[in-house]
Structure formats: C-alpha cells, structure tokens
Amino acid sequence: MKEKSFIDEITDNCHRVEERIAEACVRAGRARDEVTLIGVSKTVEAERVQAAVDAGVTRLGENRVQELCEKQPLLTGNPEWHLIGHLQTNKVKQVVGKVALIQSVDSVRLAKQIEKVSAAQNLVTPVLVEVNIGREASKSGVFAPDLEKLLTEIADFSHISVRGLMCVPPISDSSDKKRNYFAKMHQLFLDIRDKKLDNIDMHILSMGMSSDFEEAILEGSTMVRVGTALFGRRDYL
Ligand SMILES: *Cc1c(COP(=O)(O)O)cnc(C)c1O
C-alpha cells in the first residue's frame, strides 16, 4: 500500500478536527460559528503548516516571536497570525503589527510596552489577557483575583484593545477536572463581561487544546488552539 503523503495526512487531520469541533458545538447546543480554530504551528515546518492553510485553517498560532517572524513570510494564502506564548517586553517591537491577536498579556509592564510600540506605529493592538487559572508556578498568566485590577489598568491604554481572556489549565487525565477549570474560567469571563468595564471588550474566551478542546467548547470556549491533532506530535530536539 502506498504511504500517505504528509499533505494528505494533515488534510485529513484538519477535516477530522473540524468534525470534532462541529460535533462538540452540537453537544453544547452552540452554533459552529461561535468557535474559532487556531492551528498551532509551533515547531512545525512551513510546508506542513501550508498544507493546513490549504485545507482551510485560516488562523495560526505561534508561541515564540522569532519563529513566528521567520515562518510568516514563507506561508501563502494570507493566514491570520496569533501570538499565544509568553511575550517578553524586549520582543514586543518585533511582533506588533504582524499579528491579529496577542493572546498572552499578563502584566501592566508588558501592556505598557505594547501600548508604546503600537502608538509609535499608529496602531491599535488587539490582545487577550492570560489567566493562570490553576495558579501553577510554572505557568504565566495573572491570578483570577488580580484580573480586574489588571484589566482596569490596561483599559487606560488607547492603543490596546482587550478582546477577552485566554488560559492554559493544569494538565489532567480527568475530563471532570478539566471541565471544572474551563467552567471556572467561563464564569470569570461572564463576571467581567457583566461589569462592562470601560474600554474592555469581552468576546473571546480562548481555551482548549488537542487533548481537551471538546470539554472547553462544552464549557463556553469561543477559540480553541489546536496543534498536535492537526500536525502530529511535536519532536522537541
Ligand atoms: C502548544 C500550545 C497549544 C497547542 O497544544 P496541542 O496540545 O498541541 O494542541 C495551545 N496553546 C498554547 C498556549 C500552546 O503553547
């Protein structure tokens, strides 16, 4: 039997992920267009990422600025780029203007730098605030009790537009535990939205990865970030 080409494989994966998202939306009683897919292309070489774009993945997420900047010019089809990983202040210059959404703002200091660079380029940069919902020392993100204060501080910056929240909950084998974190996050999202803070728009709730995006959709996610299920397992050298 002929071996499947990587293009066929990634194309099939894209269709399968799309099916799973659609099924989860049905189970959740939600419309398919309430959930946006971000194809997480970190460590994946450009030609494989291109196969996903060609199969209909229109948004890509990278977690490192350098890799994003290197890969971006290699892709055709004009995909939208998102920065999903921790952003250092000294890298802000390289990424503002190149991405549709910075998903990982977690401090005023970082927001201040994004404000400064965006103002210099006459841009408004859309961002999500990352919440460390499991309060893990190894992860970035603001703790839930500090979220509102951070949001009101960022709201003063006129070249940043907050669009919602993002999280990476603790790894767990238990579907219930995962749903619990996602539910907590969704509640936080709704509470903040109800407060109608000036200049804070709460429309995007970015949560759910390859191993748990169905649970996330059931708990109100509006944006899932999927890498492994599209591209296969990453080889970290
Ligand atoms: C790597 C990564 C993902 C995708 O993870 P998979 O398990 O491969 O789907 C999603 N979000 C963030 C922030 C990541 O770093």
# chains A, B, ... in the order shown; residues from 1 in each chain; ligands from 1
$ select_by_dssp --residues "region 85-215 of chain A" --states "strand (DSSP E or B)" --output "PyMOL selection string"
chain A and resi 101-105+125-131+142+160-167+200-206
$ residues_around --residues "Gln94 (chain A)" --least-positions-apart "2" --cutoff "10 Å" --atoms "only C-alpha atoms" --output "list in words"
Val65, Gln66, Leu68, Cys69, Asn90, Lys91, Val92, Val96, Gly97, Lys98 and Val117 of chain A
$ closest_atom_pairs --of "chain A" --to "ligand 1" --cutoff "6 Å" --atoms "only C-alpha atoms and all ligand atoms" --output "CSV"
residue,atom,partner,partner_atom_place_in_ligand_line,distance
A:Val40,CA,ligand 1,4 (C),5.4
A:Asn63,CA,ligand 1,15 (O),5.7
A:Ile84,CA,ligand 1,13 (C),4.9
A:Gly85,CA,ligand 1,13 (C),5.3
A:Met209,CA,ligand 1,9 (O),4.1
A:Ser210,CA,ligand 1,9 (O),3.6
A:Ser211,CA,ligand 1,7 (O),5.9
A:Arg225,CA,ligand 1,10 (C),4.6
A:Val226,CA,ligand 1,9 (O),3.7
A:Gly227,CA,ligand 1,8 (O),3.6
A:Thr228,CA,ligand 1,8 (O),3.7
$ atom_distance --atom1 "CA of Gln88 (chain A)" --atom2 "CA of Leu165 (chain A)"
18.6 Å
$ atom_distance --atom1 "CA of Ser172 (chain A)" --atom2 "CA of Ser206 (chain A)"
18.2 Å
$ closest_residue --among "A:Glu45, A:Glu70, A:Asp146, A:Glu214" --to "Asp106 (chain A)" --atoms "only C-alpha atoms"
A:Asp146
$ select_by_dssp --residues "region 36-87 of chain A" --states "helix (DSSP H, G or I)" --output "list in words"
Ala46, Glu47, Arg48, Val49, Gln50, Ala51, Ala52, Val53, Asp54, Val65, Gln66, Glu67, Leu68, Cys69, Glu70, Lys71, Gln72, Pro73 and Leu74 of chain A
$ atom_distance --atom1 "CA of Ser104 (chain A)" --atom2 "CA of Met166 (chain A)"
7.1 Å
$ closest_residue --among "A:Phe157, A:Val17, A:Gly220, A:Ile171" --to "Asp198 (chain A)" --atoms "only C-alpha atoms"
A:Phe157
$ residues_around --residues "Cys167 (chain A)" --least-positions-apart "3" --cutoff "9 Å" --atoms "only C-alpha atoms" --output "list in words"
Ser104, Val129, Glu130, Val131, Asn132, Ile133, Gly141, Phe182, Met185, Leu205, Ser206, Met207 and Gly208 of chain A
$ write_last_selection --atoms "N, CA and C atoms" --output "mmCIF file, in the first residue's frame"
data_model
loop_
_atom_site.group_PDB
_atom_site.id
_atom_site.type_symbol
_atom_site.label_atom_id
_atom_site.label_comp_id
_atom_site.auth_asym_id
_atom_site.auth_seq_id
_atom_site.Cartn_x
_atom_site.Cartn_y
_atom_site.Cartn_z
ATOM 1 N N SER A 104 -1.496 36.608 25.066
ATOM 2 C CA SER A 104 -0.823 36.242 26.310
ATOM 3 C C SER A 104 -0.328 37.441 27.114
ATOM 4 N N VAL A 129 -6.063 38.776 27.736
ATOM 5 C CA VAL A 129 -5.323 38.687 28.986
ATOM 6 C C VAL A 129 -5.293 37.215 29.402
ATOM 7 N N GLU A 130 -4.083 36.738 29.687
ATOM 8 C CA GLU A 130 -3.916 35.331 30.065
ATOM 9 C C GLU A 130 -4.120 35.164 31.572
ATOM 10 N N VAL A 131 -4.944 34.202 31.928
ATOM 11 C CA VAL A 131 -5.236 33.922 33.332
ATOM 12 C C VAL A 131 -4.607 32.580 33.712
ATOM 13 N N ASN A 132 -3.891 32.571 34.812
ATOM 14 C CA ASN A 132 -3.306 31.334 35.341
ATOM 15 C C ASN A 132 -4.350 30.699 36.255
ATOM 16 N N ILE A 133 -5.283 30.000 35.624
ATOM 17 C CA ILE A 133 -6.488 29.547 36.324
ATOM 18 C C ILE A 133 -6.179 28.464 37.367
ATOM 19 N N GLY A 141 0.555 34.135 33.332
ATOM 20 C CA GLY A 141 -0.850 34.496 33.464
ATOM 21 C C GLY A 141 -1.120 35.123 34.810
ATOM 22 N N PHE A 182 -12.294 24.877 33.078
ATOM 23 C CA PHE A 182 -12.896 25.634 31.978
ATOM 24 C C PHE A 182 -14.153 26.370 32.458
ATOM 25 N N MET A 185 -13.227 29.380 34.438
ATOM 26 C CA MET A 185 -12.740 30.396 33.524
ATOM 27 C C MET A 185 -13.914 31.093 32.826
ATOM 28 N N LEU A 205 -13.034 33.959 24.423
ATOM 29 C CA LEU A 205 -12.563 33.131 25.526
ATOM 30 C C LEU A 205 -11.748 32.000 24.898
ATOM 31 N N SER A 206 -10.416 32.173 24.933
ATOM 32 C CA SER A 206 -9.522 31.246 24.242
ATOM 33 C C SER A 206 -9.092 30.142 25.194
ATOM 34 N N MET A 207 -9.657 28.958 25.016
ATOM 35 C CA MET A 207 -9.269 27.815 25.851
ATOM 36 C C MET A 207 -9.607 26.515 25.143
ATOM 37 N N GLY A 208 -8.770 25.494 25.385
ATOM 38 C CA GLY A 208 -8.943 24.198 24.752
ATOM 39 C C GLY A 208 -7.825 23.935 23.770
#
$ closest_residue --among "A:Leu75, A:Leu101, A:Met223, A:Ala28" --to "Ser41 (chain A)" --atoms "only C-alpha atoms"
A:Leu75
$ residues_around --residues "Thr58 (chain A)" --least-positions-apart "4" --cutoff "8 Å" --atoms "only C-alpha atoms" --output "list in words"
Ile38, Val53, Asn78, Pro79 and Glu80 of chain A
$ write_last_selection --atoms "N, CA and C atoms" --output "tab-separated table (two decimals), in the first residue's frame"
chain	number	residue	atom	x	y	z
A	38	ILE	N	-7.74	27.96	16.01
A	38	ILE	CA	-6.38	28.44	15.76
A	38	ILE	C	-5.51	27.20	15.56
A	53	VAL	N	-3.13	25.28	5.97
A	53	VAL	CA	-3.75	26.50	5.43
A	53	VAL	C	-4.53	26.15	4.15
A	78	ASN	N	-2.36	34.08	2.97
A	78	ASN	CA	-2.66	35.15	3.90
A	78	ASN	C	-3.35	34.72	5.20
A	79	PRO	N	-2.80	33.71	5.89
A	79	PRO	CA	-3.40	33.32	7.17
A	79	PRO	C	-3.24	34.44	8.20
A	80	GLU	N	-4.11	34.41	9.20
A	80	GLU	CA	-4.02	35.37	10.30
A	80	GLU	C	-3.10	34.76	11.36
$ closest_residue --among "A:His203, A:Lys177, A:Arg109, A:Arg27" --to "Phe189 (chain A)" --atoms "only C-alpha atoms"
A:His203
$ closest_residue --among "A:Gly77, A:Gly29, A:Pro145, A:Pro126" --to "Val49 (chain A)" --atoms "only C-alpha atoms"
A:Gly77
$ closest_residue --among "A:Arg20, A:Arg234, A:His15, A:Lys195" --to "Asp54 (chain A)" --atoms "only C-alpha atoms"
A:His15
$ decode --residues "region 101-146 of chain A" --atoms "C-alpha atoms" --output "mmCIF file, in the first residue's frame"
data_model
loop_
_atom_site.group_PDB
_atom_site.id
_atom_site.type_symbol
_atom_site.label_atom_id
_atom_site.label_comp_id
_atom_site.auth_asym_id
_atom_site.auth_seq_id
_atom_site.Cartn_x
_atom_site.Cartn_y
_atom_site.Cartn_z
ATOM 1 C CA LEU A 101 -4.076 38.976 18.339
ATOM 2 C CA ILE A 102 -1.565 38.779 21.188
ATOM 3 C CA GLN A 103 -3.209 36.161 23.403
ATOM 4 C CA SER A 104 -0.823 36.242 26.310
ATOM 5 C CA VAL A 105 -0.761 39.630 28.050
ATOM 6 C CA ASP A 106 -0.253 39.079 31.757
ATOM 7 C CA SER A 107 1.250 42.242 33.237
ATOM 8 C CA VAL A 108 0.899 46.025 33.106
ATOM 9 C CA ARG A 109 4.559 46.250 32.240
ATOM 10 C CA LEU A 110 4.047 44.195 29.075
ATOM 11 C CA ALA A 111 0.854 46.089 28.226
ATOM 12 C CA LYS A 112 2.690 49.387 28.634
ATOM 13 C CA GLN A 113 5.309 48.312 26.105
ATOM 14 C CA ILE A 114 2.651 47.098 23.631
ATOM 15 C CA GLU A 115 0.955 50.483 24.068
ATOM 16 C CA LYS A 116 4.165 52.348 23.372
ATOM 17 C CA VAL A 117 5.109 50.379 20.252
ATOM 18 C CA SER A 118 1.526 50.406 18.922
ATOM 19 C CA ALA A 119 1.254 54.178 19.418
ATOM 20 C CA ALA A 120 4.519 54.708 17.535
ATOM 21 C CA GLN A 121 3.095 52.700 14.620
ATOM 22 C CA ASN A 122 -0.280 54.360 14.864
ATOM 23 C CA LEU A 123 -1.957 51.005 15.513
ATOM 24 C CA VAL A 124 -4.401 49.561 17.993
ATOM 25 C CA THR A 125 -3.236 46.070 19.002
ATOM 26 C CA PRO A 126 -5.908 43.535 19.961
ATOM 27 C CA VAL A 127 -4.972 41.397 22.960
ATOM 28 C CA LEU A 128 -6.292 38.758 25.343
ATOM 29 C CA VAL A 129 -5.323 38.687 28.986
ATOM 30 C CA GLU A 130 -3.916 35.331 30.065
ATOM 31 C CA VAL A 131 -5.236 33.922 33.332
ATOM 32 C CA ASN A 132 -3.306 31.334 35.341
ATOM 33 C CA ILE A 133 -6.488 29.547 36.324
ATOM 34 C CA GLY A 134 -4.736 26.670 38.105
ATOM 35 C CA ARG A 135 -2.337 29.015 39.924
ATOM 36 C CA GLU A 136 0.644 26.997 38.713
ATOM 37 C CA ALA A 137 4.107 28.345 39.445
ATOM 38 C CA SER A 138 5.380 27.031 36.107
ATOM 39 C CA LYS A 139 2.842 28.973 34.063
ATOM 40 C CA SER A 140 2.406 32.602 33.167
ATOM 41 C CA GLY A 141 -0.850 34.496 33.464
ATOM 42 C CA VAL A 142 -2.493 36.659 36.076
ATOM 43 C CA PHE A 143 -4.252 35.018 39.034
ATOM 44 C CA ALA A 144 -8.038 35.318 38.927
ATOM 45 C CA PRO A 145 -8.332 37.676 41.937
ATOM 46 C CA ASP A 146 -5.908 40.124 40.272
#
